[in-house]
>>> print(open('run_8.cif').read())   # mmCIF, C-alpha atoms and all ligand atoms
data_model
#
loop_
_atom_site.label_atom_id
_atom_site.label_comp_id
_atom_site.auth_asym_id
_atom_site.auth_seq_id
_atom_site.Cartn_x
_atom_site.Cartn_y
_atom_site.Cartn_z
CA MET W 1 117.73 61.49 75.91
CA LYS W 2 117.72 65.08 74.69
CA THR W 3 118.68 67.56 77.38
CA ILE W 4 117.41 71.14 77.21
CA GLU W 5 120.02 73.67 78.29
CA ILE W 6 118.29 77.05 78.73
CA LYS W 7 121.49 78.89 79.73
CA LYS W 8 125.02 77.53 80.11
CA ASP W 9 124.80 74.78 82.77
CA ILE W 10 121.14 75.52 83.52
CA TYR W 11 118.71 72.86 82.32
CA TRP W 12 114.96 72.39 81.95
CA VAL W 13 114.13 69.13 83.72
CA GLY W 14 110.34 69.39 83.84
CA ALA W 15 107.51 67.21 82.55
CA VAL W 16 104.93 67.62 79.79
CA ASP W 17 101.36 66.62 80.68
CA TRP W 18 99.63 66.08 77.35
CA ASP W 19 96.50 64.58 78.92
CA VAL W 20 95.25 66.93 81.65
CA ARG W 21 91.94 68.49 80.61
CA ASP W 22 90.82 70.18 83.80
CA PHE W 23 92.84 72.26 86.23
CA HIS W 24 90.46 73.01 89.09
CA GLY W 25 87.72 74.21 86.80
CA TYR W 26 89.93 75.58 84.01
CA SER W 27 89.67 73.70 80.73
CA THR W 28 93.24 72.76 79.83
CA TYR W 29 92.37 71.38 76.42
CA LYS W 30 96.00 71.78 75.27
CA GLY W 31 97.48 70.07 78.36
CA THR W 32 100.22 71.72 80.38
CA THR W 33 103.79 71.38 81.56
CA TYR W 34 105.27 71.31 85.06
CA ASN W 35 108.62 72.99 84.64
CA ALA W 36 111.60 72.41 86.91
CA TYR W 37 115.15 73.59 86.39
CA LEU W 38 118.59 72.33 87.36
CA ILE W 39 121.52 74.69 87.94
CA LEU W 40 124.98 73.16 87.84
CA ASP W 41 127.34 75.17 90.03
CA ASP W 42 129.40 74.61 93.18
CA LYS W 43 126.05 74.09 94.85
CA ILE W 44 123.89 72.09 92.47
CA THR W 45 120.36 73.45 92.74
CA LEU W 46 116.99 72.15 91.67
CA ILE W 47 114.39 74.86 91.13
CA ASP W 48 110.93 73.41 91.87
CA THR W 49 109.72 69.88 91.24
CA VAL W 50 106.68 68.44 89.45
CA LYS W 51 103.27 66.85 90.01
CA LYS W 52 103.46 63.51 91.81
CA GLU W 53 102.64 61.35 88.79
CA PHE W 54 105.53 62.88 86.86
CA LYS W 55 108.29 62.09 89.37
CA GLY W 56 109.79 59.56 86.94
CA ASP W 57 110.09 62.18 84.17
CA LEU W 58 111.89 64.56 86.52
CA ILE W 59 114.32 61.97 87.86
CA HIS W 60 114.98 60.60 84.37
CA LYS W 61 115.84 64.07 83.08
CA ILE W 62 118.07 64.87 86.05
CA ARG W 63 119.87 61.52 85.67
CA GLY W 64 120.58 62.42 82.05
CA ILE W 65 122.68 65.30 83.40
CA ILE W 66 123.96 64.31 86.86
CA PRO W 67 123.14 61.69 89.52
CA PRO W 68 120.25 63.27 91.53
CA GLU W 69 122.11 62.52 94.78
CA LYS W 70 124.54 65.30 93.82
CA ILE W 71 121.87 68.01 94.22
CA ASP W 72 122.68 70.28 97.18
CA TYR W 73 119.73 72.67 97.28
CA ILE W 74 116.07 72.40 96.34
CA VAL W 75 114.23 75.69 95.90
CA VAL W 76 110.46 75.56 96.44
CA ASN W 77 109.07 78.71 94.86
CA HIS W 78 105.47 77.59 95.43
CA VAL W 79 103.88 74.79 97.42
CA GLU W 80 100.84 73.94 95.28
CA MET W 81 100.94 70.21 94.49
CA ASP W 82 101.54 70.62 90.76
CA HIS W 83 105.02 71.79 91.81
CA THR W 84 105.57 69.75 94.97
CA GLY W 85 103.53 66.54 94.61
CA CYS W 86 106.69 64.46 94.23
CA LEU W 87 108.80 66.53 96.64
CA PRO W 88 108.87 63.98 99.52
CA GLU W 89 110.13 61.24 97.18
CA ILE W 90 112.68 63.58 95.60
CA ILE W 91 113.92 64.61 99.05
CA ASP W 92 114.32 60.94 99.98
CA ILE W 93 116.54 60.40 96.94
CA VAL W 94 118.46 63.69 97.03
CA ARG W 95 118.85 64.27 100.78
CA PRO W 96 119.41 67.99 100.12
CA GLU W 97 121.50 70.19 102.34
CA LYS W 98 118.86 72.93 102.10
CA ILE W 99 115.23 73.27 101.08
CA ILE W 100 114.96 76.95 100.24
CA CYS W 101 111.52 78.53 100.56
CA SER W 102 109.68 81.56 101.96
CA ASP W 103 108.46 81.58 105.54
CA MET W 104 104.91 80.97 104.31
CA GLY W 105 106.38 78.25 102.10
CA ARG W 106 107.85 76.45 105.09
CA LYS W 107 104.52 76.60 106.90
CA ALA W 108 102.65 75.36 103.83
CA LEU W 109 105.14 72.53 103.24
CA ILE W 110 104.69 71.35 106.83
CA ALA W 111 100.90 71.61 106.48
CA HIS W 112 101.05 69.52 103.30
CA PHE W 113 103.70 66.91 104.11
CA HIS W 114 103.89 67.04 107.92
CA ARG W 115 107.68 66.96 107.96
CA GLU W 116 109.13 69.37 110.52
CA ASP W 117 112.52 67.66 110.19
CA TRP W 118 113.34 68.69 106.61
CA PRO W 119 116.31 71.10 106.29
CA TYR W 120 114.29 74.25 105.62
CA HIS W 121 116.20 77.41 104.81
CA VAL W 122 113.78 80.32 104.92
CA VAL W 123 114.41 83.32 102.68
CA GLY W 124 112.61 86.63 102.20
CA SER W 125 112.64 89.41 99.64
CA GLY W 126 116.16 90.73 99.10
CA ASP W 127 117.90 87.64 100.46
CA LYS W 128 120.73 86.18 98.40
CA ILE W 129 122.40 82.78 98.33
CA SER W 130 125.66 82.11 96.52
CA LEU W 131 125.79 78.95 94.43
CA GLY W 132 129.42 79.48 93.43
CA ARG W 133 129.82 81.26 90.10
CA ARG W 134 126.23 82.36 90.31
CA SER W 135 123.77 83.40 92.97
CA LEU W 136 120.09 83.32 93.64
CA GLU W 137 118.10 86.32 94.82
CA PHE W 138 114.59 85.96 96.14
CA ILE W 139 111.48 88.10 95.74
CA GLU W 140 108.38 87.15 97.68
CA THR W 141 105.29 87.31 95.47
CA ARG W 142 102.49 86.62 97.91
CA MET W 143 99.26 85.46 96.25
CA LEU W 144 100.95 84.90 92.90
CA HIS W 145 99.58 82.35 93.20
CA TRP W 146 99.44 81.47 96.92
CA PRO W 147 100.71 83.21 100.06
CA ASP W 148 103.92 81.14 99.88
CA SER W 149 104.88 82.07 96.30
CA MET W 150 108.20 83.66 95.43
CA PHE W 151 110.45 84.33 92.44
CA SER W 152 114.09 83.24 92.29
CA TYR W 153 116.40 85.39 90.21
CA VAL W 154 119.89 84.65 88.87
CA PRO W 155 121.45 88.11 88.39
CA GLU W 156 124.53 86.82 86.54
CA GLU W 157 122.25 85.39 83.84
CA GLY W 158 119.34 87.86 83.94
CA LEU W 159 117.18 84.79 84.55
CA LEU W 160 113.92 84.99 86.49
CA PHE W 161 112.30 81.77 87.72
CA SER W 162 108.75 83.06 88.06
CA ASN W 163 106.85 79.94 89.07
CA ASP W 164 103.11 80.33 88.20
CA ALA W 165 103.42 83.93 86.98
CA PHE W 166 103.87 84.43 83.21
CA GLY W 167 102.93 80.79 82.58
CA GLU W 168 100.50 79.08 80.25
CA HIS W 169 98.75 75.74 80.33
CA LEU W 170 100.17 74.47 77.06
CA ALA W 171 101.79 71.11 76.38
CA SER W 172 104.37 71.22 73.61
CA SER W 173 107.59 69.66 72.41
CA GLU W 174 108.97 73.20 72.08
CA ARG W 175 110.41 74.89 75.15
CA PHE W 176 110.91 78.50 74.05
CA ASP W 177 108.57 81.33 73.06
CA ASP W 178 110.27 81.85 69.69
CA GLU W 179 109.65 78.25 68.66
CA VAL W 180 105.85 78.66 68.52
CA ALA W 181 103.43 81.23 67.07
CA ILE W 182 103.66 84.20 69.44
CA GLY W 183 100.00 85.24 69.00
CA GLU W 184 98.78 81.83 70.10
CA LEU W 185 101.22 81.79 72.99
CA ILE W 186 100.04 85.17 74.30
CA ARG W 187 96.46 83.90 73.92
CA HIS W 188 97.27 80.94 76.19
CA ALA W 189 99.02 83.29 78.63
CA ALA W 190 95.86 85.46 78.61
CA LYS W 191 93.69 82.45 79.40
CA TYR W 192 96.02 81.53 82.24
CA TYR W 193 95.92 85.10 83.59
CA ALA W 194 92.13 85.34 83.25
CA ASN W 195 91.49 82.10 85.11
CA ILE W 196 94.31 81.94 87.66
CA ILE W 197 95.83 85.37 88.23
CA LEU W 198 93.02 87.86 87.55
CA LEU W 199 91.79 87.91 91.15
CA TYR W 200 95.22 89.15 92.20
CA SER W 201 95.60 91.93 89.61
CA ARG W 202 96.20 94.55 92.30
CA LEU W 203 99.17 92.53 93.58
CA VAL W 204 100.43 91.90 90.05
CA LYS W 205 100.51 95.65 89.55
CA LYS W 206 102.57 96.07 92.73
CA GLN W 207 104.94 93.26 91.72
CA LEU W 208 105.51 94.72 88.27
CA GLU W 209 106.31 98.08 89.89
CA ASN W 210 108.60 96.29 92.33
CA LEU W 211 110.47 94.53 89.52
CA GLU W 212 110.92 97.87 87.80
CA GLN W 213 112.15 99.54 90.99
CA LEU W 214 114.63 96.75 91.60
CA GLY W 215 115.97 97.46 88.12
CA LEU W 216 116.44 93.77 87.39
CA LYS W 217 117.91 92.96 84.03
CA ILE W 218 115.53 90.31 82.75
CA ASP W 219 116.91 88.39 79.84
CA MET W 220 114.81 85.29 80.31
CA ILE W 221 111.65 84.41 82.25
CA ALA W 222 111.35 80.74 83.11
CA PRO W 223 107.86 79.98 84.48
CA ASP W 224 106.70 76.65 85.88
CA HIS W 225 104.02 76.14 83.21
CA GLY W 226 104.38 76.32 79.46
CA LEU W 227 107.06 78.01 77.40
CA ILE W 228 110.18 79.88 78.49
CA TRP W 229 110.28 83.55 77.49
CA ARG W 230 113.59 84.53 75.89
CA SER W 231 112.66 86.52 72.76
CA HIS W 232 109.38 88.04 73.95
CA THR W 233 110.03 88.95 77.59
CA LYS W 234 108.95 92.54 76.89
CA ASP W 235 105.73 91.30 75.26
CA ILE W 236 104.66 89.17 78.20
CA LEU W 237 105.58 91.89 80.71
CA GLU W 238 103.57 94.41 78.69
CA ALA W 239 100.63 92.00 78.42
CA TYR W 240 100.64 91.56 82.23
CA HIS W 241 100.79 95.34 82.59
CA ASN W 242 97.67 95.69 80.39
CA TRP W 243 95.78 92.87 82.07
CA CYS W 244 96.45 93.96 85.64
CA ASN W 245 95.36 97.51 84.72
CA ASN W 246 92.09 96.23 83.21
CA LYS W 247 92.95 97.71 79.81
CA SER W 248 89.98 97.00 77.57
CA ILE W 249 89.16 97.27 73.88
CA GLU W 250 85.96 98.24 72.04
CA LYS W 251 84.36 94.85 72.37
CA VAL W 252 81.11 93.50 73.78
CA LEU W 253 80.48 89.95 74.97
CA VAL W 254 76.92 88.70 74.84
CA ILE W 255 76.91 85.74 77.19
CA TYR W 256 73.67 83.81 77.41
CA ASP W 257 71.81 80.54 77.73
CA THR W 258 68.37 79.81 76.45
CA MET W 259 65.47 77.48 77.21
CA TRP W 260 63.20 77.55 74.12
CA HIS W 261 65.33 79.88 71.93
CA SER W 262 63.56 83.12 72.97
CA THR W 263 66.56 84.44 74.92
CA GLU W 264 68.74 83.31 72.02
CA MET W 265 66.61 85.36 69.60
CA MET W 266 67.08 88.36 71.87
CA ALA W 267 70.84 87.72 72.09
CA LYS W 268 71.17 87.73 68.30
CA ALA W 269 69.07 90.88 67.88
CA ILE W 270 71.05 92.72 70.59
CA SER W 271 74.31 91.64 68.92
CA ASP W 272 72.96 92.93 65.61
CA GLY W 273 72.38 96.33 67.23
CA ILE W 274 75.87 96.45 68.73
CA GLU W 275 77.40 95.48 65.38
CA ARG W 276 75.42 98.22 63.61
CA GLU W 277 77.28 100.76 65.76
CA GLY W 278 80.60 99.43 64.47
CA VAL W 279 81.58 97.71 67.70
CA SER W 280 83.00 94.19 67.78
CA VAL W 281 80.63 91.71 69.44
CA LYS W 282 81.06 88.06 70.38
CA LEU W 283 78.23 85.70 71.31
CA TYR W 284 78.92 83.04 73.90
CA ASN W 285 76.25 80.42 74.44
CA LEU W 286 77.01 78.87 77.83
CA GLU W 287 75.80 75.47 76.60
CA VAL W 288 78.64 75.16 74.11
CA ASN W 289 81.45 77.34 75.49
CA HIS W 290 83.61 76.55 78.50
CA ARG W 291 83.57 79.18 81.26
CA SER W 292 87.37 79.43 81.20
CA ASP W 293 87.39 80.29 77.48
CA ILE W 294 84.75 82.97 78.07
CA MET W 295 86.89 84.38 80.90
CA THR W 296 89.76 84.82 78.43
CA GLU W 297 87.48 87.13 76.44
CA VAL W 298 86.30 88.89 79.60
CA LEU W 299 89.88 89.96 80.28
CA ASP W 300 89.93 92.77 77.71
CA THR W 301 86.27 93.37 76.92
CA ARG W 302 84.71 96.79 77.50
CA ALA W 303 81.15 95.50 78.07
CA ILE W 304 79.29 92.35 79.07
CA VAL W 305 75.65 91.72 78.25
CA LEU W 306 74.11 88.76 80.08
CA GLY W 307 71.05 86.81 78.97
CA SER W 308 69.06 84.13 80.76
CA PRO W 309 65.40 83.16 80.86
CA THR W 310 63.76 82.93 84.27
CA LEU W 311 63.75 79.41 85.71
CA ASN W 312 62.15 78.64 89.08
CA ASN W 313 62.22 82.35 90.02
CA GLY W 314 65.94 82.41 89.26
CA ILE W 315 68.39 82.06 86.37
CA LEU W 316 69.52 79.01 84.43
CA PRO W 317 72.11 76.89 86.30
CA SER W 318 74.69 77.45 83.54
CA MET W 319 74.44 81.24 84.04
CA ALA W 320 74.49 80.90 87.83
CA GLY W 321 77.66 78.76 87.59
CA PHE W 322 79.34 81.16 85.21
CA LEU W 323 78.48 84.23 87.29
CA ASN W 324 79.75 82.55 90.42
CA TYR W 325 83.01 81.70 88.64
CA MET W 326 83.44 85.19 87.16
CA LYS W 327 82.59 86.95 90.42
CA GLY W 328 85.23 84.90 92.23
CA LEU W 329 87.87 86.07 89.76
CA LYS W 330 86.94 89.74 90.33
CA PRO W 331 87.25 91.13 86.81
CA GLY W 332 87.86 94.87 86.56
CA ALA W 333 84.99 97.27 85.97
CA LYS W 334 82.99 96.81 82.76
CA ILE W 335 79.83 98.19 81.22
CA GLY W 336 76.99 95.77 81.98
CA ALA W 337 73.45 95.03 80.85
CA ALA W 338 71.03 92.08 81.13
CA PHE W 339 68.14 90.58 79.20
CA GLY W 340 66.00 87.46 79.05
CA SER W 341 62.63 85.96 78.30
CA TYR W 342 60.20 84.80 80.99
CA GLY W 343 56.88 83.07 81.46
CA TRP W 344 55.21 84.64 84.51
CA SER W 345 57.56 85.85 87.28
CA GLY W 346 60.59 87.18 85.32
CA GLU W 347 63.30 87.67 87.97
CA SER W 348 66.31 86.76 85.80
CA VAL W 349 67.21 90.26 84.59
CA LYS W 350 67.17 91.61 88.14
CA ILE W 351 69.33 88.75 89.45
CA MET W 352 71.95 89.08 86.69
CA SER W 353 72.03 92.87 87.14
CA GLN W 354 72.64 92.42 90.86
CA TYR W 355 75.59 90.10 90.15
CA MET W 356 77.06 92.77 87.89
CA LYS W 357 76.48 95.52 90.48
CA ASP W 358 78.31 93.35 93.01
CA MET W 359 81.22 93.22 90.56
CA LYS W 360 81.10 97.05 90.31
CA PHE W 361 80.00 97.00 86.68
CA ASN W 362 78.42 100.14 85.30
CA ILE W 363 74.83 99.09 84.47
CA ILE W 364 73.93 101.42 81.63
CA GLU W 365 70.53 99.92 80.72
CA PRO W 366 67.68 98.94 83.05
CA GLY W 367 67.48 95.53 81.34
CA LEU W 368 65.17 94.03 78.76
CA ARG W 369 62.71 91.18 79.29
CA PHE W 370 59.90 89.81 77.14
CA GLN W 371 57.25 87.25 77.92
CA TYR W 372 57.53 83.87 76.19
CA VAL W 373 58.47 84.40 72.53
CA PRO W 374 59.54 87.89 71.37
CA THR W 375 57.58 89.49 68.55
CA HIS W 376 59.19 91.16 65.55
CA GLU W 377 58.62 94.55 67.24
CA GLN W 378 60.21 93.33 70.44
CA LEU W 379 63.23 92.07 68.52
CA LYS W 380 63.52 95.57 67.05
CA GLU W 381 63.62 96.83 70.64
CA CYS W 382 66.48 94.40 71.23
CA VAL W 383 68.33 95.88 68.25
CA GLY W 384 67.81 99.35 69.78
CA PHE W 385 69.07 98.07 73.14
CA GLY W 386 72.20 96.77 71.41
CA ARG W 387 72.67 100.03 69.53
CA ARG W 388 72.56 102.03 72.76
CA ILE W 389 75.24 99.76 74.25
CA GLY W 390 77.36 100.13 71.11
CA ARG W 391 76.96 103.91 71.16
CA ALA W 392 77.92 104.07 74.85
CA ILE W 393 81.18 102.33 73.97
CA LYS W 394 81.83 104.64 71.03
CA GLU W 395 81.16 107.62 73.31
CA GLY W 396 83.82 106.38 75.69
CA ILE W 397 81.54 105.55 78.63
CA GLY W 398 83.59 103.41 80.96
CA GLY W 399 82.92 100.46 83.18
FE1 LIG T 401 101.05 75.89 89.19
FE2 LIG T 401 99.62 77.57 91.87
O1 LIG T 401 100.36 76.13 90.92
#
>>> encode(input="run_8.cif", output="structure tokens")
Amino acid sequence: MKTIEIKKDIYWVGAVDWDVRDFHGYSTYKGTTYNAYLILDDKITLIDTVKKEFKGDLIHKIRGIIPPEKIDYIVVNHVEMDHTGCLPEIIDIVRPEKIICSDMGRKALIAHFHREDWPYHVVGSGDKISLGRRSLEFIETRMLHWPDSMFSYVPEEGLLFSNDAFGEHLASSERFDDEVAIGELIRHAAKYYANIILLYSRLVKKQLENLEQLGLKIDMIAPDHGLIWRSHTKDILEAYHNWCNNKSIEKVLVIYDTMWHSTEMMAKAISDGIEREGVSVKLYNLEVNHRSDIMTEVLDTRAIVLGSPTLNNGILPSMAGFLNYMKGLKPGAKIGAAFGSYGWSGESVKIMSQYMKDMKFNIIEPGLRFQYVPTHEQLKECVGFGRRIGRAIKEGIGG
């Protein structure tokens, strides 16, 4: 079996999940990986484990290098089950001297596996453990992705084990960033950020500042999902810097659903108006686009225009679901506007506008609604509505 040595005597021993298509609401249409790493030193150390169903892959890969019983330490950077599902079985085989985790990690491990008797060794930010020729330093990264999360850093190698951070849900036979198209890889990293990390942008900002203050030499970033960064570490760090600072581009998303095509007609006319002002616009029909793909576009958009007809004094369920999902992820401030057709009561525009106000969007238009099917004149009003949004972006009005 091919072994993947990422640095001298440090191996990737993870698993590739080609089949997973949903990761708690995130469409993982390219699968994912659960990365784990093995450090051969005086103290042989396993960094993270994998999802329960992939225990065999992990053990098989470790056995290709050393008998698993020789492992001394297991580091648990994060307790979520995609990284610890098989941990109890691995502990039974390995009988490690230490299970290294944060204090919150120890509590979460006990709450998951109900084993107070495991040999926990709690570490905090700044703590160091010698493995022999190399050492491990720990940086707590609370809420990236859970309160227990931490990074493990090997200073002698400039190697950062970053767990969920800097990852992508992407199954591949390649293991390194320079073995795939970098644009596509950053796109997957953006989707991961938009759907998993976005809510914690404020903490990401702090962590990036912290990494800079610590002056760590980072030669390689080895996350627990997707590809290992060795040639584009600066690119992914810069991308995280942009995303956590809500850096946006001149782009508008028109996100809508429609009942009898009237709201769709409005969406197209509004997009036409935006385009006429020389601003990039993308239409996302909620019936055919997955919410997690739309969120990837939300990450760097300057403005969002929402469209839904009124249904039962409310909005269409697809729009309600999307807004609930987006609101939970707390995107940074954007320009916002709403539109939709209606039959008699017409509450949808007001409801969508309220969602956007709750997300601190800058509502620059009072909203546009037309009864039943829009006339040619009303579609011209939609074009004007779009033009005003486009001009606001050109004039530099912010979210
Ligand atoms: Fe990949 Fe938060 O688990």
>>> residues_near_ligand(input="run_8.cif", ligand="ligand LIG 401 (chain T)", cutoff="8 Å", atoms="all atoms listed in the file", output="JSON, numbers by chain")
{"W": [34, 78, 79, 80, 81, 82, 83, 144, 145, 146, 163, 164, 224, 225]}
>>> write_last_selection(input="run_8.cif", atoms="C-alpha atoms", output="mmCIF file, in the coordinates of the input")
data_model
loop_
_atom_site.group_PDB
_atom_site.id
_atom_site.type_symbol
_atom_site.label_atom_id
_atom_site.label_comp_id
_atom_site.auth_asym_id
_atom_site.auth_seq_id
_atom_site.Cartn_x
_atom_site.Cartn_y
_atom_site.Cartn_z
ATOM 1 C CA TYR W 34 105.270 71.310 85.060
ATOM 2 C CA HIS W 78 105.470 77.590 95.430
ATOM 3 C CA VAL W 79 103.880 74.790 97.420
ATOM 4 C CA GLU W 80 100.840 73.940 95.280
ATOM 5 C CA MET W 81 100.940 70.210 94.490
ATOM 6 C CA ASP W 82 101.540 70.620 90.760
ATOM 7 C CA HIS W 83 105.020 71.790 91.810
ATOM 8 C CA LEU W 144 100.950 84.900 92.900
ATOM 9 C CA HIS W 145 99.580 82.350 93.200
ATOM 10 C CA TRP W 146 99.440 81.470 96.920
ATOM 11 C CA ASN W 163 106.850 79.940 89.070
ATOM 12 C CA ASP W 164 103.110 80.330 88.200
ATOM 13 C CA ASP W 224 106.700 76.650 85.880
ATOM 14 C CA HIS W 225 104.020 76.140 83.210
#
>>> residues_around(input="run_8.cif", residues="Val204 of chain W", least_positions_apart="5", cutoff="10 Å", atoms="only C-alpha atoms", output="ChimeraX atom specification")
/W:141-144,165,197-199,209-210,240-241,243-245
>>> atom_distance(input="run_8.cif", atom1="atom CA of Ala320 of chain W", atom2="atom CA of Glu275 of chain W")
26.9 Å
>>> residues_around(input="run_8.cif", residues="Ser125 of chain W", least_positions_apart="6", cutoff="7 Å", atoms="all atoms listed in the file", output="ChimeraX atom specification")
/W:138-140
>>> residues_around(input="run_8.cif", residues="Gly340 of chain W", least_positions_apart="4", cutoff="9 Å", atoms="all atoms listed in the file", output="PDB file with C-alpha atoms, in the coordinates of the input")
ATOM      1  CA  TYR W 256      73.670  83.810  77.410  1.00  0.00           C
ATOM      2  CA  THR W 258      68.370  79.810  76.450  1.00  0.00           C
ATOM      3  CA  SER W 262      63.560  83.120  72.970  1.00  0.00           C
ATOM      4  CA  THR W 263      66.560  84.440  74.920  1.00  0.00           C
ATOM      5  CA  GLU W 264      68.740  83.310  72.020  1.00  0.00           C
ATOM      6  CA  MET W 266      67.080  88.360  71.870  1.00  0.00           C
ATOM      7  CA  ALA W 267      70.840  87.720  72.090  1.00  0.00           C
ATOM      8  CA  LEU W 306      74.110  88.760  80.080  1.00  0.00           C
ATOM      9  CA  GLY W 307      71.050  86.810  78.970  1.00  0.00           C
ATOM     10  CA  SER W 308      69.060  84.130  80.760  1.00  0.00           C
ATOM     11  CA  PRO W 309      65.400  83.160  80.860  1.00  0.00           C
ATOM     12  CA  THR W 310      63.760  82.930  84.270  1.00  0.00           C
ATOM     13  CA  GLY W 346      60.590  87.180  85.320  1.00  0.00           C
ATOM     14  CA  SER W 348      66.310  86.760  85.800  1.00  0.00           C
ATOM     15  CA  VAL W 349      67.210  90.260  84.590  1.00  0.00           C
ATOM     16  CA  GLY W 367      67.480  95.530  81.340  1.00  0.00           C
ATOM     17  CA  LEU W 368      65.170  94.030  78.760  1.00  0.00           C
ATOM     18  CA  ARG W 369      62.710  91.180  79.290  1.00  0.00           C
ATOM     19  CA  PHE W 370      59.900  89.810  77.140  1.00  0.00           C
ATOM     20  CA  GLN W 371      57.250  87.250  77.920  1.00  0.00           C
TER      21      GLN W 371
END
>>> closest_residue(input="run_8.cif", among="W:Leu208, W:Leu170, W:Ala337, W:Leu185", to="Tyr29 of chain W", atoms="all atoms listed in the file")
W:Leu170
>>> closest_residue(input="run_8.cif", among="W:Pro67, W:Gly336, W:Gly226, W:Gly105", to="Ala303 of chain W", atoms="only C-alpha atoms")
W:Gly336
>>> atom_distance(input="run_8.cif", atom1="atom CA of Glu381 of chain W", atom2="atom CA of Lys360 of chain W")
26.3 Å
>>> closest_residue(input="run_8.cif", among="W:Tyr342, W:Phe385, W:Tyr372, W:Tyr11", to="Ala269 of chain W", atoms="only C-alpha atoms")
W:Phe385
>>> closest_atom_pairs(input="run_8.cif", of="segment 208-273 of chain W", to="segment 152-157 of chain W", cutoff="12 Å", atoms="only C-alpha atoms", output="CSV")
residue,atom,partner,partner_atom,distance
W:Leu211,CA,W:Tyr153,CA,10.9
W:Leu214,CA,W:Pro155,CA,11.5
W:Gly215,CA,W:Pro155,CA,10.8
W:Leu216,CA,W:Pro155,CA,7.6
W:Lys217,CA,W:Pro155,CA,7.4
W:Ile218,CA,W:Glu157,CA,8.4
W:Asp219,CA,W:Glu157,CA,7.3
W:Met220,CA,W:Glu157,CA,8.2
W:Ile221,CA,W:Tyr153,CA,9.3
W:Ala222,CA,W:Tyr153,CA,9.9
W:Pro223,CA,W:Ser152,CA,10.5
W:Asp224,CA,W:Ser152,CA,11.8
W:Arg230,CA,W:Glu157,CA,11.8
>>> closest_residue(input="run_8.cif", among="W:Pro119, W:Gly332, W:Gly390, W:Gly167", to="Ile196 of chain W", atoms="all atoms listed in the file")
W:Gly167
>>> atom_distance(input="run_8.cif", atom1="atom CA of Val373 of chain W", atom2="atom CA of Lys268 of chain W")
13.8 Å
>>> residues_around(input="run_8.cif", residues="Lys357 of chain W", least_positions_apart="6", cutoff="10 Å", atoms="all atoms listed in the file", output="number ranges by chain")
W: 333, 336, 351, 363
>>> axis_aligned_box(input="run_8.cif", around="segment 309-317 of chain W", padding_each_side="4 Å", output="JSON")
{"center_x": 67.1, "center_y": 80.0, "center_z": 85.4, "size_x": 18.0, "size_y": 14.3, "size_z": 17.2}
>>> closest_residue(input="run_8.cif", among="W:Met265, W:Cys101, W:Met326, W:Val298", to="Thr375 of chain W", atoms="only C-alpha atoms")
W:Met265
>>> closest_residue(input="run_8.cif", among="W:Trp229, W:Tyr325, W:Trp344, W:Tyr192", to="Met359 of chain W", atoms="only C-alpha atoms")
W:Tyr325
